[in-house]
Structures are given as structure tokens and as C-alpha cells.
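Source file: entry28.txt; contents: compact mmCIF, C-alpha atoms.
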```txt
# COMPACT_ATOMS: atom_id res chain seq x y z
CA MET F 24 -30.84 0.32 9.26
CA ILE F 25 -27.62 -0.48 7.40
CA ALA F 26 -24.17 0.49 8.67
CA PHE F 27 -21.61 0.77 5.86
CA LEU F 28 -18.02 0.59 7.10
CA GLY F 29 -15.94 1.48 4.06
CA GLN F 30 -13.08 3.42 2.62
CA GLY F 31 -11.41 3.95 -0.73
CA ARG F 32 -12.88 4.55 -4.15
CA MET F 33 -15.54 1.83 -3.97
CA GLY F 34 -17.07 2.77 -0.65
CA VAL F 35 -18.72 6.06 -1.57
CA PRO F 36 -20.63 4.90 -4.68
CA MET F 37 -21.73 1.68 -2.97
CA ALA F 38 -23.07 3.53 0.07
CA ARG F 39 -24.80 5.97 -2.27
CA ARG F 40 -26.50 3.09 -4.12
CA LEU F 41 -27.97 1.87 -0.84
CA ALA F 42 -29.31 5.31 0.06
CA GLU F 43 -30.78 5.81 -3.41
CA ALA F 44 -32.55 2.45 -3.06
CA GLY F 45 -34.36 3.82 -0.01
CA HIS F 46 -32.32 2.24 2.77
CA GLU F 47 -31.42 4.14 5.91
CA VAL F 48 -27.62 4.12 5.85
CA THR F 49 -25.03 5.09 8.44
CA THR F 50 -21.52 5.34 7.05
CA TRP F 51 -18.13 5.10 8.72
CA ARG F 52 -14.64 5.83 7.47
CA ARG F 53 -11.37 6.72 9.15
CA GLY F 54 -10.81 10.25 10.36
CA THR F 55 -14.46 11.21 10.96
CA GLY F 56 -14.22 11.04 14.76
CA ILE F 57 -17.02 8.44 14.91
CA SER F 58 -16.03 5.03 16.25
CA PRO F 59 -17.06 1.81 14.47
CA ALA F 60 -19.09 0.85 17.55
CA GLU F 61 -21.05 4.09 17.31
CA ALA F 62 -21.56 3.65 13.57
CA VAL F 63 -23.09 0.15 13.89
CA ALA F 64 -25.30 0.87 16.91
CA GLY F 65 -28.87 -0.14 16.08
CA ALA F 66 -28.02 -1.51 12.63
CA ASP F 67 -29.67 -4.73 11.43
CA LEU F 68 -27.06 -5.13 8.69
CA VAL F 69 -23.38 -4.18 8.74
CA ILE F 70 -21.40 -4.05 5.47
CA THR F 71 -17.62 -3.84 5.41
CA MET F 72 -15.68 -2.67 2.34
CA LEU F 73 -12.06 -2.14 3.42
CA ARG F 74 -8.57 -2.56 1.99
CA ASP F 75 -7.48 -5.88 3.46
CA GLY F 76 -8.03 -8.52 6.12
CA ASP F 77 -6.10 -6.64 8.79
CA ALA F 78 -8.29 -3.58 8.32
CA VAL F 79 -11.50 -5.65 8.44
CA ARG F 80 -10.44 -7.42 11.64
CA GLU F 81 -9.42 -4.14 13.25
CA VAL F 82 -12.64 -2.32 12.38
CA LEU F 83 -14.99 -5.19 13.26
CA THR F 84 -13.18 -5.74 16.56
CA ALA F 85 -13.75 -2.07 17.37
CA ALA F 86 -17.40 -2.42 16.29
CA LEU F 87 -18.17 -5.45 18.51
CA PRO F 88 -19.49 -3.44 21.49
CA GLY F 89 -22.04 -1.73 19.24
CA LEU F 90 -23.39 -4.78 17.39
CA ARG F 91 -26.99 -5.55 18.21
CA PRO F 92 -28.05 -9.19 18.84
CA GLY F 93 -28.92 -11.00 15.64
CA VAL F 94 -27.09 -8.56 13.34
CA THR F 95 -25.85 -9.80 9.97
CA VAL F 96 -22.40 -8.78 8.74
CA VAL F 97 -21.71 -8.79 5.00
CA GLU F 98 -17.98 -8.69 4.27
CA MET F 99 -17.42 -7.32 0.75
CA SER F 100 -13.65 -6.68 0.78
CA THR F 101 -11.13 -8.95 -0.94
CA ILE F 102 -9.58 -10.81 1.99
CA GLY F 103 -9.64 -14.52 1.10
CA PRO F 104 -11.46 -17.49 2.70
CA ASP F 105 -9.03 -17.94 5.62
CA ALA F 106 -9.70 -14.38 6.80
CA VAL F 107 -13.45 -14.96 6.44
CA ARG F 108 -13.19 -17.95 8.79
CA GLU F 109 -11.28 -15.79 11.27
CA LEU F 110 -14.12 -13.26 11.17
CA ARG F 111 -16.62 -16.01 11.90
CA ALA F 112 -14.67 -16.83 15.06
CA LEU F 113 -14.42 -13.13 15.95
CA LEU F 114 -18.13 -12.34 15.70
CA PRO F 115 -20.72 -13.45 18.29
CA PRO F 116 -22.25 -16.86 17.47
CA GLU F 117 -25.70 -15.30 17.04
CA ALA F 118 -24.46 -12.84 14.41
CA GLY F 119 -24.87 -13.82 10.77
CA LEU F 120 -21.94 -13.58 8.35
CA VAL F 121 -21.92 -13.52 4.56
CA ASP F 122 -18.81 -13.07 2.43
CA ALA F 123 -19.63 -11.14 -0.74
CA PRO F 124 -16.63 -9.63 -2.55
CA VAL F 125 -17.34 -7.98 -5.88
CA LEU F 126 -16.04 -8.02 -9.43
CA GLY F 127 -15.95 -4.57 -11.01
CA SER F 128 -14.53 -1.13 -10.38
CA VAL F 129 -15.73 2.37 -9.53
CA ALA F 130 -18.01 2.95 -12.53
CA PRO F 131 -19.92 -0.35 -12.13
CA ALA F 132 -20.20 0.39 -8.40
CA ALA F 133 -21.90 3.70 -9.18
CA GLU F 134 -24.12 2.12 -11.85
CA GLY F 135 -25.11 -0.93 -9.80
CA THR F 136 -23.60 -3.38 -12.29
CA LEU F 137 -21.05 -5.14 -10.09
CA THR F 138 -20.97 -8.93 -9.83
CA VAL F 139 -21.43 -9.94 -6.20
CA LEU F 140 -19.82 -13.28 -5.30
CA ALA F 141 -21.73 -14.42 -2.21
CA GLY F 142 -20.90 -17.24 0.19
CA GLY F 143 -22.96 -18.31 3.19
CA ASP F 144 -26.67 -17.95 3.89
CA VAL F 145 -27.63 -15.15 1.51
CA ALA F 146 -31.43 -15.33 1.91
CA ALA F 147 -31.77 -12.44 4.37
CA VAL F 148 -29.49 -10.07 2.45
CA ARG F 149 -30.12 -11.03 -1.20
CA GLU F 150 -32.36 -8.02 -1.85
CA VAL F 151 -29.85 -5.57 -0.38
CA LEU F 152 -26.95 -7.10 -2.29
CA SER F 153 -28.89 -6.87 -5.55
CA VAL F 154 -28.65 -3.07 -5.23
CA PHE F 155 -24.98 -3.43 -6.18
CA GLY F 156 -25.53 -5.67 -9.21
CA THR F 157 -25.89 -9.35 -10.08
CA VAL F 158 -25.69 -11.66 -7.07
CA ARG F 159 -24.13 -15.09 -7.56
CA GLU F 160 -24.88 -17.45 -4.66
CA LEU F 161 -21.91 -19.81 -4.47
CA GLY F 162 -22.41 -22.05 -1.48
CA PRO F 163 -20.96 -22.15 2.04
CA LEU F 164 -19.26 -19.35 3.90
CA GLY F 165 -15.94 -18.47 2.26
CA ALA F 166 -16.98 -19.59 -1.23
CA GLY F 167 -17.32 -16.01 -2.47
CA ALA F 168 -13.93 -15.02 -1.10
CA ALA F 169 -12.28 -18.07 -2.69
CA LEU F 170 -13.86 -17.46 -6.10
CA LYS F 171 -12.81 -13.81 -6.08
CA LEU F 172 -9.16 -14.80 -5.56
CA ALA F 173 -9.43 -17.50 -8.22
CA VAL F 174 -10.60 -14.89 -10.72
CA MET F 175 -7.89 -12.42 -9.69
CA SER F 176 -5.23 -15.12 -10.05
CA ALA F 177 -6.10 -15.19 -13.75
CA LEU F 178 -6.97 -11.58 -14.57
CA VAL F 179 -4.06 -9.83 -12.84
CA PRO F 180 -1.24 -12.03 -14.21
CA ALA F 181 -2.85 -11.80 -17.66
CA GLN F 182 -2.45 -8.01 -17.57
CA VAL F 183 1.18 -8.32 -16.48
CA LEU F 184 1.73 -10.81 -19.33
CA LEU F 185 0.26 -8.35 -21.83
CA ALA F 186 2.45 -5.58 -20.42
CA GLU F 187 5.45 -7.79 -21.17
CA THR F 188 4.02 -8.52 -24.62
CA PHE F 189 3.88 -4.80 -25.46
CA ALA F 190 7.38 -4.34 -24.03
CA TYR F 191 8.69 -7.14 -26.26
CA GLY F 192 7.02 -5.60 -29.29
CA GLU F 193 8.47 -2.18 -28.55
CA ALA F 194 11.95 -3.64 -28.11
CA HIS F 195 11.70 -5.33 -31.53
CA GLY F 196 10.23 -2.44 -33.49
CA VAL F 197 6.64 -3.73 -33.55
CA ASP F 198 4.05 -0.98 -33.97
CA ARG F 199 2.03 -0.78 -30.75
CA ASP F 200 -1.29 -0.11 -32.47
CA ALA F 201 -0.71 -2.98 -34.90
CA LEU F 202 0.01 -5.35 -32.04
CA ALA F 203 -3.11 -4.19 -30.18
CA ALA F 204 -5.21 -4.64 -33.31
CA VAL F 205 -4.01 -8.22 -33.79
CA LEU F 206 -4.54 -9.05 -30.13
CA ALA F 207 -8.06 -7.60 -30.35
CA GLY F 208 -9.01 -10.61 -32.43
CA THR F 209 -7.85 -13.09 -29.80
CA PRO F 210 -9.39 -14.20 -26.48
CA LEU F 211 -7.14 -11.60 -24.81
CA GLY F 212 -8.59 -8.77 -26.88
CA ALA F 213 -10.45 -6.85 -24.17
CA LEU F 214 -7.51 -6.86 -21.78
CA ALA F 215 -5.09 -6.00 -24.57
CA GLY F 216 -7.14 -2.91 -25.37
CA ARG F 217 -6.82 -1.73 -21.78
CA LEU F 218 -3.07 -2.28 -21.70
CA ALA F 219 -2.55 -0.59 -25.08
CA ALA F 220 -3.99 2.64 -23.65
CA PRO F 221 -3.47 2.63 -19.84
CA ALA F 222 -6.21 4.40 -17.89
CA ARG F 223 -5.57 7.96 -16.72
CA GLU F 224 -7.88 7.56 -13.74
CA THR F 225 -7.51 4.78 -11.21
CA ARG F 226 -10.21 2.14 -11.49
CA TYR F 227 -8.29 -0.71 -9.84
CA ALA F 228 -5.15 0.47 -8.07
CA LEU F 229 -1.95 -1.39 -8.87
CA GLY F 230 -1.20 -1.64 -5.15
CA LEU F 231 -4.57 -3.29 -4.52
CA ALA F 232 -3.94 -5.70 -7.38
CA ALA F 233 -0.64 -6.65 -5.75
CA LYS F 234 -2.42 -7.19 -2.43
CA ASP F 235 -5.08 -9.38 -4.07
CA LEU F 236 -2.53 -11.39 -6.02
CA ASP F 237 -0.47 -11.89 -2.87
CA LEU F 238 -3.52 -13.59 -1.35
CA ALA F 239 -4.13 -15.64 -4.49
CA ALA F 240 -0.53 -16.75 -5.15
CA TRP F 241 -0.66 -20.16 -3.47
CA ASP F 242 2.42 -22.38 -3.27
CA GLY F 243 3.14 -23.63 -6.77
CA ALA F 244 1.34 -20.78 -8.55
CA SER F 245 4.38 -19.83 -10.58
CA LEU F 246 2.69 -17.38 -12.95
CA ALA F 247 0.95 -15.52 -10.13
CA ALA F 248 4.20 -15.34 -8.15
CA ALA F 249 6.10 -13.93 -11.12
CA ALA F 250 3.38 -11.37 -11.80
CA LEU F 251 3.40 -10.37 -8.14
CA ARG F 252 7.13 -9.64 -8.33
CA ARG F 253 6.49 -7.35 -11.30
CA LEU F 254 3.78 -5.51 -9.39
CA ARG F 255 5.98 -5.10 -6.32
CA GLU F 256 8.68 -3.57 -8.51
CA ALA F 257 6.12 -1.15 -9.95
CA GLU F 258 4.98 -0.24 -6.42
CA ALA F 259 8.58 0.48 -5.48
CA ALA F 260 8.73 2.79 -8.48
CA GLY F 261 5.79 4.80 -7.07
CA LEU F 262 2.94 3.33 -9.15
CA GLY F 263 0.92 1.82 -6.29
CA GLU F 264 -1.93 4.35 -6.52
CA ARG F 265 -2.04 4.29 -10.32
CA ASP F 266 -4.43 2.07 -12.26
CA LEU F 267 -3.23 -1.50 -12.75
CA THR F 268 -2.86 -0.83 -16.48
CA ALA F 269 0.07 1.46 -15.61
CA ILE F 270 2.12 -1.75 -15.45
CA ALA F 271 2.29 -1.50 -19.25
CA GLY F 272 4.42 1.64 -19.00
CA HIS F 273 6.62 0.17 -16.30
CA VAL F 274 7.60 -3.19 -17.78
CA GLY F 275 10.61 -2.90 -20.04
CA ARG F 276 11.57 0.53 -18.77
CA PRO F 277 15.01 0.49 -17.11
CA ALA F 278 15.00 1.82 -13.58
CA ALA F 279 17.12 4.87 -12.87
CA PRO F 280 19.80 3.35 -10.59
CA GLY F 281 20.22 6.41 -8.40
CA ARG F 282 16.58 7.40 -8.04
CA ALA F 283 15.18 7.54 -4.52
CA VAL F 284 11.75 5.87 -4.34
CA PRO F 285 9.64 6.57 -1.21
CA LEU F 286 7.74 3.55 0.12
CA ASN F 287 4.72 3.44 2.42
CA PRO F 288 3.37 -0.13 2.52
CA ALA F 289 -0.34 -0.38 3.27
CA ALA F 290 0.33 -3.15 5.81
CA VAL F 291 2.04 -0.62 8.12
CA PRO F 292 0.09 2.16 9.93
CA ALA F 293 0.33 5.36 7.91
CA THR F 294 2.87 8.05 8.74
CA ASN F 295 1.87 11.59 9.70
CA GLY F 296 2.70 12.73 6.17
CA MET F 297 6.01 14.33 7.13
CA TYR F 298 8.14 11.32 6.19
CA SER F 299 8.01 7.96 4.37
CA HIS F 300 8.39 4.62 6.10
CA ALA F 301 11.30 3.77 3.82
CA VAL F 302 13.17 4.96 0.75
CA ARG F 303 14.66 2.63 -1.80
CA VAL F 304 17.75 3.62 -3.79
CA GLY F 305 18.81 0.89 -6.17
CA ASP F 306 19.31 -2.26 -4.10
CA MET F 307 19.48 -0.41 -0.78
CA LEU F 308 16.51 0.26 1.50
CA TYR F 309 16.65 2.97 4.16
CA VAL F 310 13.96 2.42 6.82
CA SER F 311 12.76 5.34 8.92
CA GLY F 312 12.57 5.10 12.69
CA GLN F 313 9.73 2.72 13.56
CA ALA F 314 7.78 3.22 16.78
CA ALA F 315 4.83 1.42 18.37
CA PHE F 316 1.75 3.07 16.84
CA ASP F 317 -1.59 1.58 15.85
CA ALA F 318 -3.64 2.53 12.79
CA ASN F 319 -5.15 5.50 14.66
CA GLY F 320 -1.75 6.92 15.58
CA ASP F 321 -2.06 5.93 19.23
CA VAL F 322 0.85 4.45 21.20
CA VAL F 323 0.67 0.64 21.52
CA GLY F 324 1.62 -1.12 24.75
CA GLU F 325 2.28 2.02 26.77
CA GLY F 326 4.67 1.15 29.60
CA SER F 327 5.57 -2.28 28.17
CA MET F 328 8.89 -2.64 26.37
CA ALA F 329 7.98 -6.15 25.19
CA ALA F 330 4.69 -5.01 23.63
CA GLN F 331 6.24 -2.00 21.93
CA ALA F 332 9.21 -3.99 20.63
CA GLU F 333 6.86 -6.63 19.17
CA CYS F 334 4.90 -3.90 17.39
CA VAL F 335 8.07 -2.28 16.02
CA PHE F 336 9.55 -5.53 14.71
CA GLU F 337 6.23 -6.57 13.17
CA ASN F 338 6.18 -3.26 11.27
CA LEU F 339 9.79 -3.77 10.21
CA SER F 340 8.99 -7.28 8.97
CA ARG F 341 6.14 -5.93 6.82
CA ILE F 342 8.32 -3.21 5.33
CA LEU F 343 10.99 -5.80 4.53
CA ALA F 344 8.47 -8.24 3.06
CA ASP F 345 7.04 -5.50 0.85
CA GLN F 346 10.44 -5.37 -0.87
CA GLY F 347 11.03 -9.11 -0.91
CA ALA F 348 13.50 -8.98 1.99
CA THR F 349 13.80 -10.54 5.46
CA PHE F 350 15.71 -9.72 8.64
CA ALA F 351 18.60 -11.71 7.20
CA ASP F 352 19.08 -8.85 4.71
CA LEU F 353 19.65 -6.23 7.41
CA ALA F 354 22.96 -4.41 6.99
CA PHE F 355 22.56 -2.06 9.95
CA ILE F 356 20.05 -1.51 12.75
CA ARG F 357 19.94 1.32 15.26
CA THR F 358 17.84 1.40 18.42
CA TYR F 359 16.92 4.37 20.60
CA LEU F 360 15.81 3.49 24.15
CA THR F 361 14.46 5.94 26.71
CA ASN F 362 15.81 3.67 29.46
CA MET F 363 18.88 1.49 28.88
CA ASP F 364 17.69 -0.77 31.71
CA ASP F 365 15.03 -2.02 29.26
CA ARG F 366 17.66 -3.39 26.86
CA VAL F 367 17.39 -6.97 28.21
CA GLU F 368 13.64 -7.13 27.61
CA TYR F 369 14.12 -5.47 24.23
CA GLY F 370 16.85 -7.97 23.36
CA ARG F 371 14.54 -10.93 23.98
CA VAL F 372 12.10 -9.64 21.38
CA ARG F 373 14.82 -8.65 18.93
CA ARG F 374 16.35 -12.14 19.00
CA LYS F 375 13.00 -13.62 17.97
CA TYR F 376 13.22 -11.72 14.69
CA ILE F 377 16.95 -11.36 14.04
CA THR F 378 18.50 -14.83 14.06
CA GLY F 379 21.76 -16.11 12.66
CA THR F 380 24.62 -13.69 12.04
CA PRO F 381 23.61 -10.28 13.46
CA PRO F 382 23.86 -7.08 11.42
CA ALA F 383 25.94 -4.04 12.32
CA SER F 384 24.15 -2.41 15.25
CA THR F 385 24.02 0.63 17.50
CA THR F 386 21.91 1.07 20.65
CA VAL F 387 21.72 4.44 22.40
CA GLU F 388 19.80 5.90 25.32
CA VAL F 389 17.85 9.12 24.71
CA SER F 390 16.04 11.37 27.16
CA ARG F 391 12.75 11.16 25.27
CA LEU F 392 11.18 10.31 21.91
CA PHE F 393 8.78 12.38 19.83
CA MET F 394 5.57 11.05 21.43
CA PRO F 395 4.91 10.63 25.17
CA GLY F 396 4.72 6.96 26.13
CA LEU F 397 7.16 5.69 23.50
CA LEU F 398 9.96 3.56 24.93
CA LEU F 399 11.93 2.83 21.75
CA GLU F 400 12.44 3.65 18.10
CA VAL F 401 14.31 1.52 15.55
CA ASP F 402 15.67 2.42 12.11
CA ALA F 403 17.57 0.24 9.66
CA ILE F 404 19.51 -0.07 6.42
CA VAL F 405 18.82 -3.11 4.27
CA ALA F 406 20.77 -4.65 1.38
CA LEU F 407 17.89 -5.90 -0.78
CA PRO F 408 18.20 -9.30 -2.47
CA ARG F 409 18.70 -9.04 -6.23
CA ARG F 410 15.74 -10.24 -8.26
```
How does the structure come out when it is put into C-alpha cells?
Amino acid sequence: MIAFLGQGRMGVPMARRLAEAGHEVTTWRRGTGISPAEAVAGADLVITMLRDGDAVREVLTAALPGLRPGVTVVEMSTIGPDAVRELRALLPPEAGLVDAPVLGSVAPAAEGTLTVLAGGDVAAVREVLSVFGTVRELGPLGAGAALKLAVMSALVPAQVLLAETFAYGEAHGVDRDALAAVLAGTPLGALAGRLAAPARETRYALGLAAKDLDLAAWDGASLAAAALRRLREAEAAGLGERDLTAIAGHVGRPAAPGRAVPLNPAAVPATNGMYSHAVRVGDMLYVSGQAAFDANGDVVGEGSMAAQAECVFENLSRILADQGATFADLAFIRTYLTNMDDRVEYGRVRRKYITGTPPASTTVEVSRLFMPGLLLEVDAIVALPRR
């Protein structure tokens, strides 16, 4: 039996390919009420296809009690070789691990024409992986994850470059179709065709491209770093769920200075849908009250101010990083405590994150917060660094 732990646009067609090939498949995704441990119980093979390394670690940690001895885990998300090594340390020594990220989008996933980049001992899972497309066996564990990022570090910046090319042409009166036709005869022709007519449906989300490029942008990778900044700006403009080719319509378009742009970074547990984690207006970022919740919406560290404060400040750091900011850019921070006697313990954690000259600050005691068990909530105003 195969347990497929997946989410997003790729998960459904890939799980369907396995079932159509005659495999007994148990699927898991968030919100079904089935735990990962229940989903993997009895499975000989567990496949993960999730958004990022944090999600993979979280789900596999929850699945550990249900893993049978000798199970093989195939990790097919784009998480990078360092995260693959962390998974090897997380899993029981007797469990097998193969990293096998894929090249291709939703249509190739449905058609079984993906390219599977496999690292580790592939022998036992080669036949299953071939259901998804062409399997390239690349060597030791982590080799597939490394090659995937190497490819993305070329393909994603190339699309940002072409977006800038079309923006330059438009600014200088160059006919867009004429430019696309000339580019079609160059090595960039296929990508240029995509950027000339951005996809209406999302094949490879711009936000996912930013996440992948963030992993691939090693120190000294100047082109990847510049492209990543472009993608982050497009995310801030609300294009994160659009196809990557939407960058062509974003580059060269002046931002409306007074427009409020809601932000919900994937690295932070999702809201309940009634608010956004932050809103950007020009160079100012307004961060909603952050409380200690995990990805399932459960309170973290109930009864422990230190644990809840760590969770809150980690979420704040991710929201800031998503916009290229740090705690040094805080203009104002406000803290709500259910017990002012906890302020000393809270202060110890806060000083770990906010160093140097402190921002303007208010701390108040409240009788209760919106969820039982919460001890604090923190909101903030940030003056974003100019790009």
C-alpha cells in the first residue's frame, strides 16, 4: 500500500496516476480530519508532496507513530538537500529515504510526463516513480533535491529577465509581438513565448517560484537574488497565487503608492480567513496581532509564556523577512498580556529578537484573548527598507 501525503495542485493528479496504475493508495491532506499517522498506517511506501521543508518536517513528524518498520519514504517536494538530510535524521534508521522532486507542472503530472530527479537508493521504488514520468537516477541522497534547485536557479531568473525585456520594449515603443517573434528564434524562444502571453491558469505559482528561488539563491548568486526581489515585490502586489508568467505584467508597472496590499506569507500558519497577517501600504507594513498557533490552529505552549513568546516572535520574523525587513525596521510594537506578572519572562524572549535601539512600544494587560490558553498577542508597524 502507498500513502500519499500531499496538497496543492500537483498532489491530486499524482495520487490519481498511482491509483490508475493499480496501486492501493491512501491519501492525506489538511482539513480531512485524518492524522498523518493514521494515513500511513500499514503503508510500505510513503510519498510526500508538500509546499516546503517546514511542512514536510511537520507532517512526517506527525506520521512517525504510524510508520511501519522497513517503510520507504519518497520525498517529492522542492525542499533542498539540507532539508533532505534533516529528514534522514528525523526518520527511524531502518526506514528508507529517497529524494525525488519533479520537473513539470499540473498537466504533465496528470499525463505522467514529469521528470523525476531521484537521489538515494532508487531500486525499490523505481517502478512506482516511473508512473509519474521519466526517472533520472542521480546518485546519493540529496542529489535530486540539489539538481532541482540548480535547474530552478536558471529557469526562474530567466523568466524574470524576459519580463524585464518585455517591459523595456514596451517603454521604448517596441511591438510586443515583434519582440516575441525575434526572441522565438533564440535559445530563449520557448520561455519568451510563455512570457509574451502569460498563462490564465496557474501551472507554477509565482509564490512557489519565489520559495524555490529562495532556496536556490546561494551567497554570491547575484542574478537569483535580484530575481527573488522582483518576485517578492510581485507577491506583495497580490500575485503569489498567479502563474509565474504573471511577472511579465508586473515588471515595469508602477505601484499605486496608496494601495493596501494584504499579505499572508506561507511560512506563517494560515489565518482563519477573517483577517490578513499583514497589510502593506507603500513602504509601511501593518502587522496583525500574532498569537501562538500551530499549523492546525491549536495553541502552542499552553501555560508557558516563554514558549508562546518564541512562537509569536518567530512568526513576526517570517512576516518581516517576507518583505525584506528585520526587527531593526520596527517602528512600533504593542503587546497584550493576560497577566502583567509574565512581562519579565516575555521580556527575556523579546530581547533575543529586538536588539539595539528599541522601537516605540506599548504593553497592556487584558482580561482575556480571543482563544482560551493564549497568554499574549503582539502587533506591529514596520517602516520597510527601500529597495
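Every protein, DNA or RNA residue with an atom at most 9 Å from F:Phe27, where all atoms listed in the file count and chain neighbours fewer than 4 positions away do not, is listed here: Gly34, Met37, Ala38, Val48, Thr49, Thr50, Trp51, Arg52, Ala62, Val63, Leu68, Val69, Ile70, Thr71 and Met72 of chain F.
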File dump, residues just selected, C-alpha atoms, as a PDB file, keeping the file's coordinate frame:
```pdb
ATOM      1  CA  GLY F  34     -17.070   2.770  -0.650  1.00  0.00           C
ATOM      2  CA  MET F  37     -21.730   1.680  -2.970  1.00  0.00           C
ATOM      3  CA  ALA F  38     -23.070   3.530   0.070  1.00  0.00           C
ATOM      4  CA  VAL F  48     -27.620   4.120   5.850  1.00  0.00           C
ATOM      5  CA  THR F  49     -25.030   5.090   8.440  1.00  0.00           C
ATOM      6  CA  THR F  50     -21.520   5.340   7.050  1.00  0.00           C
ATOM      7  CA  TRP F  51     -18.130   5.100   8.720  1.00  0.00           C
ATOM      8  CA  ARG F  52     -14.640   5.830   7.470  1.00  0.00           C
ATOM      9  CA  ALA F  62     -21.560   3.650  13.570  1.00  0.00           C
ATOM     10  CA  VAL F  63     -23.090   0.150  13.890  1.00  0.00           C
ATOM     11  CA  LEU F  68     -27.060  -5.130   8.690  1.00  0.00           C
ATOM     12  CA  VAL F  69     -23.380  -4.180   8.740  1.00  0.00           C
ATOM     13  CA  ILE F  70     -21.400  -4.050   5.470  1.00  0.00           C
ATOM     14  CA  THR F  71     -17.620  -3.840   5.410  1.00  0.00           C
ATOM     15  CA  MET F  72     -15.680  -2.670   2.340  1.00  0.00           C
TER      16      MET F  72
END
```
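Reported to one decimal place, the separation of atom CA of F:Met297 from atom CA of F:Met394 is 14.7 Å.
Between atom CA of F:Val148 and atom CA of F:Ala85 there is a distance of 23.1 Å.
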If we count all atoms listed in the file and set the cut-off at 8 Å, which residues sit around stretch 228-239 of chain F, ignoring sequence neighbours fewer than 3 positions away in its own chain? Please answer as an NGL selection string. :F and (74-75 or 101-103 or 172-173 or 175-176 or 179 or 225 or 247-248 or 251 or 254-255 or 258 or 262-270)
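Reported to one decimal place, the separation of atom CA of F:Gly54 from atom CA of F:Leu87 is 19.2 Å.
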In terms of all atoms listed in the file, the residue from F:Val302, F:Ala64, F:Leu397, F:Ala177 at minimal distance from F:Ala329 is F:Leu397
Fewer than 4 positions away in the same chain doesn't count, so skip those; otherwise give me all residues within 8 Å of F:His46, counting only C-alpha atoms, as a PyMOL selection string. chain F and resi 24-25+41-42
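Comparing the minimum interatomic distances between F:Tyr227 and each of F:Met363, F:Val94, F:Leu178, F:Leu407, counting only C-alpha atoms, we find that F:Leu178 sits nearest.
Using all atoms listed in the file, the smallest distance between any of F:Thr380, F:Thr84, F:Ser100, F:Thr95 and F:Ala169 comes from F:Ser100.
Nearest to F:Ala332 of all the residues F:Pro288, F:Gly370, F:Gly56, F:Gly135 is F:Gly370, based on all atoms listed in the file.
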Might I get the box with edges along x, y and z of the file that holds all atoms of stretch 342-349 of chain F listed there, padded by 4 Å on every side, given as centre and edge lengths in Å to one decimal, as lines of an AutoDock Vina configuration file?
```
center_x = 10.4
center_y = -6.9
center_z = 2.3
size_x = 14.8
size_y = 15.3
size_z = 14.4
```
Compile a residue-level contact table for stretch 128-174 of chain F against stretch 117-122 of chain F at a cut-off of 9 Å, reporting for every qualifying residue the shortest atom pair and its distance in Å to one decimal, with all atoms listed in the file counted, rows ordered by chain and ascending number, as a tab-separated table.
```
residue	atom	partner	partner_atom	distance
F:Leu140	CA	F:Asp122	CA	7.8
F:Ala141	CA	F:Asp122	CA	5.6
F:Gly142	CA	F:Asp122	CA	5.2
F:Gly143	CA	F:Val121	CA	5.1
F:Asp144	CA	F:Val121	CA	6.5
F:Val145	CA	F:Val121	CA	6.7
F:Val148	CA	F:Val121	CA	8.6
F:Leu164	CA	F:Val121	CA	6.4
F:Gly165	CA	F:Asp122	CA	6.1
F:Ala166	CA	F:Asp122	CA	7.7
F:Gly167	CA	F:Asp122	CA	5.9
F:Ala168	CA	F:Asp122	CA	6.3
```
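Nearest residue to F:Arg357, choosing from F:Ala213, F:Val335, F:Val401, F:Ala330 and counting all atoms listed in the file: F:Val401.
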Identify the residues within 8 Å of coordinate (-18.4, -6.3, 16.7) (same frame as the file), considering all atoms listed in the file, and give the answer as a list in words. Ala60, Leu83, Thr84, Ala85, Ala86, Leu87, Pro88, Gly89, Leu90, Leu113, Leu114 and Pro115 of chain F
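Minimum distance to F:Asp77 across F:Ala318, F:Ala344, F:Ala133, F:Thr385 (counting all atoms listed in the file) occurs at F:Ala318.
Taking all atoms listed in the file into account, the polymer residues that have an atom no farther than 10 Å from (6.5, 1.4, 27.8) are Ala315, Val322, Val323, Gly324, Glu325, Gly326, Ser327, Met328, Ala329, Ala330, Gln331, Ala332, Thr361, Asn362, Asp365, Pro395, Gly396, Leu397, Leu398 and Leu399 of chain F.
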